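Below you'll find the structure, written out as structure tokens, and then a few comments.
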Amino acid sequence: MEMKNVYPDNLKNKGRGLLITRKVFTFILWIGAIASVIVNLSTGKPWWCAVVCVSVFAVHRLLLSPQLVERNMIGLFINLASYASLVLLSIGLTLSEGWDLFVIPIVCAGTILVCTLLFLFDTEGQKNSVHSSAVLSFICTIAFMIGFLNLQGRDRLVMGICSLVSAVSLIVYTSVLRTDFFREFKRRFHVK
């Protein structure tokens, strides 16, 4: 007896339609990015096309080709914050200077705070996906402390508050998970 796997036709067509829609939307996005580069080159500085290209890349990565592994809420928030920070950095480097050291740490600290709250509200469900947020908290704590020691004025205050938020979230992760936290890190970074 031979068994055949039979799938309904409407599922095949639905997947094909979604794939075609993604390809068309991707094509339109990249044509818009190329057109912005051409228009920007013909008009001259400032290089606002860099902001458009980074934004197109972020939209493409977030909406059209998301990472299938990062389907948890913490991973999605970290991806959103990282691409938002890239767009903000491109705006700060090309169009207006001086505010990016103020805004990007707030975005990162807000993301860390949201990820920590998501973890606290659903500890069992988010236990396996918390390590990306813990790594972000660790990196941000170090980066914000370096910024706190090297900056003056309101930027120094923002860096201090953001480093405090990221350090507290790291303490929350380690105190709630305890030995599971370090055991999971050993598993993730074990090379054999």
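Labels for the structure tokens follow display order: chains A, B, ..., residues from 1 in each chain, ligands from 1.
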
Note to self: Among chain A, which ones does DSSP assign to helix (DSSP H, G or I) (computed from the backbone)? Answer as JSON, numbers by chain.
What the structure shows: {"A": [9, 10, 11, 12, 13, 14, 15, 16, 17, 18, 19, 20, 21, 22, 23, 24, 25, 26, 27, 28, 29, 30, 31, 32, 33, 34, 35, 36, 37, 38, 39, 40, 41, 42, 43, 49, 50, 51, 52, 53, 54, 55, 56, 57, 58, 59, 60, 61, 62, 63, 64, 73, 74, 75, 76, 77, 78, 79, 80, 81, 82, 83, 84, 85, 86, 87, 88, 89, 90, 91, 92, 93, 94, 100, 101, 102, 103, 104, 105, 106, 107, 108, 109, 110, 111, 112, 113, 114, 115, 116, 117, 118, 119, 120, 121, 123, 124, 125, 126, 127, 128, 129, 131, 132, 133, 134, 135, 136, 137, 138, 139, 140, 141, 142, 143, 144, 145, 146, 147, 148, 149, 150, 154, 155, 156, 157, 158, 159, 160, 161, 162, 163, 164, 165, 166, 167, 168, 169, 170, 171, 172, 173, 174, 175, 176, 177, 179, 180, 181, 182, 183, 184, 185, 186, 187, 188]}

Would you write out, as a Markdown table, a table of all residues in region 105-167 of chain A that have an atom no more than 8 Å from an atom of region 68-87 of chain A, listing for each the closest atom pair and the distance in Å to one decimal, considering only C-alpha atoms and ordering rows by chain and rising residue number?
```
| residue | atom | partner | partner_atom | distance |
| --- | --- | --- | --- | --- |
| A:Val107 | CA | A:Ala81 | CA | 6.7 |
| A:Cys108 | CA | A:Ala81 | CA | 6.4 |
| A:Thr111 | CA | A:Ala81 | CA | 6.4 |
| A:Cys115 | CA | A:Ile74 | CA | 5.4 |
| A:Leu118 | CA | A:Ile74 | CA | 7.2 |
| A:Phe119 | CA | A:Ile74 | CA | 8.0 |
| A:Gln126 | CA | A:Ile74 | CA | 7.7 |
| A:Ser129 | CA | A:Ile74 | CA | 6.9 |
| A:Val130 | CA | A:Ile74 | CA | 7.0 |
| A:Ser132 | CA | A:Gly75 | CA | 7.1 |
| A:Ser133 | CA | A:Ile74 | CA | 7.0 |
```

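Reported to one decimal place, the separation of CA of Arg22 (chain A) from CA of His60 (chain A) is 9.5 Å.
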
Next item on the list: Find, counting only C-alpha atoms, the residue in A:Ile38, A:Val24, A:Leu157, A:Leu88 that gets nearest to Val54 (chain A).
Entry: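 The closest residue to Val54 (chain A) is A:Leu88.
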
Item checked: Point-to-point distance in Å for CA of Val59 (chain A) and CA of Leu41 (chain A) ->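 CA of Val59 (chain A) lies at a distance of 23.0 Å from CA of Leu41 (chain A).
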